[in-house]
Amino acid sequence: MHSSPLQCSLELPSAPQGLQPRCEGDLDGDGQVDVSDLLLVIAHWGTDGGGVCAADADSSGGVNVTDLLLVIAAWGSSCN
Ligand SMILES: [Ca+2]
């Protein structure tokens, strides 16, 4: 369906750029690894991230089980 993969270059507006490195597993940049990050992966499951770079947690070019596992591995972490 997606013949032209999107460049994964966009960050979510809530993610502060240049202030701190993005915490692994904190896909939406709110400082917590929680259900909102899990939902972000699910929402973009099987896609190239839909231009939302954060959903492609491992920057593999696709949102799949490795991204899900990355969120689960960091579950409950606080990044602030
Ligand atoms: Ca988060």
# chains A, B, ... in the order shown; residues from 1 in each chain; ligands from 1
call {"tool": "residues_near_ligand", "arguments": {"ligand": "ligand 1", "cutoff": "8 Å", "atoms": "only C-alpha atoms and all ligand atoms", "output": "CSV table (one decimal) with N, CA and C atoms, in the first residue's frame"}}
result
chain,number,residue,atom,x,y,z
A,25,GLY,N,12.3,4.4,24.4
A,25,GLY,CA,10.9,3.9,24.8
A,25,GLY,C,9.9,5.0,25.0
A,26,ASP,N,10.4,6.2,25.3
A,26,ASP,CA,9.5,7.3,25.4
A,26,ASP,C,9.3,7.9,24.1
A,27,LEU,N,8.3,7.4,23.4
A,27,LEU,CA,8.1,7.7,22.0
A,27,LEU,C,7.4,9.1,21.8
A,28,ASP,N,6.6,9.5,22.7
A,28,ASP,CA,5.9,10.7,22.6
A,28,ASP,C,6.6,11.9,23.3
A,29,GLY,N,7.7,11.6,23.9
A,29,GLY,CA,8.5,12.6,24.5
A,29,GLY,C,7.9,13.3,25.7
A,30,ASP,N,7.0,12.6,26.4
A,30,ASP,CA,6.5,13.3,27.6
A,30,ASP,C,7.2,12.9,28.9
A,31,GLY,N,8.3,12.2,28.7
A,31,GLY,CA,9.2,11.9,29.9
A,31,GLY,C,8.8,10.6,30.6
A,32,GLN,N,7.8,9.9,30.2
A,32,GLN,CA,7.4,8.7,30.8
A,32,GLN,C,7.2,7.6,29.7
A,33,VAL,N,7.6,6.4,30.0
A,33,VAL,CA,7.3,5.3,29.1
A,33,VAL,C,6.0,4.6,29.7
A,34,ASP,N,4.9,4.8,29.0
A,34,ASP,CA,3.7,4.3,29.5
A,34,ASP,C,2.7,4.0,28.4
A,35,VAL,N,1.5,3.9,28.7
A,35,VAL,CA,0.5,3.4,27.7
A,35,VAL,C,0.4,4.3,26.5
A,36,SER,N,0.7,5.6,26.7
A,36,SER,CA,0.6,6.5,25.5
A,36,SER,C,1.6,6.1,24.5
A,37,ASP,N,2.8,5.7,24.9
A,37,ASP,CA,3.8,5.2,24.0
A,37,ASP,C,3.4,3.9,23.3
call {"tool": "select_by_dssp", "arguments": {"residues": "range 25-61 of chain A", "states": "alpha helix (DSSP H)", "output": "JSON, numbers by chain"}}
result
{"A": [35, 36, 37, 38, 39, 40, 41, 42, 43]}
call {"tool": "closest_residue", "arguments": {"among": "A:Asp48, A:Glu24, A:Leu38, A:Ala73", "to": "Gly61 in chain A", "atoms": "only C-alpha atoms"}}
result
A:Asp48
call {"tool": "residues_around", "arguments": {"residues": "Leu68 in chain A", "least_positions_apart": "5", "cutoff": "10 Å", "atoms": "only C-alpha atoms", "output": "ChimeraX atom specification"}}
result
/A:25,37-42,45,55-58,63,73
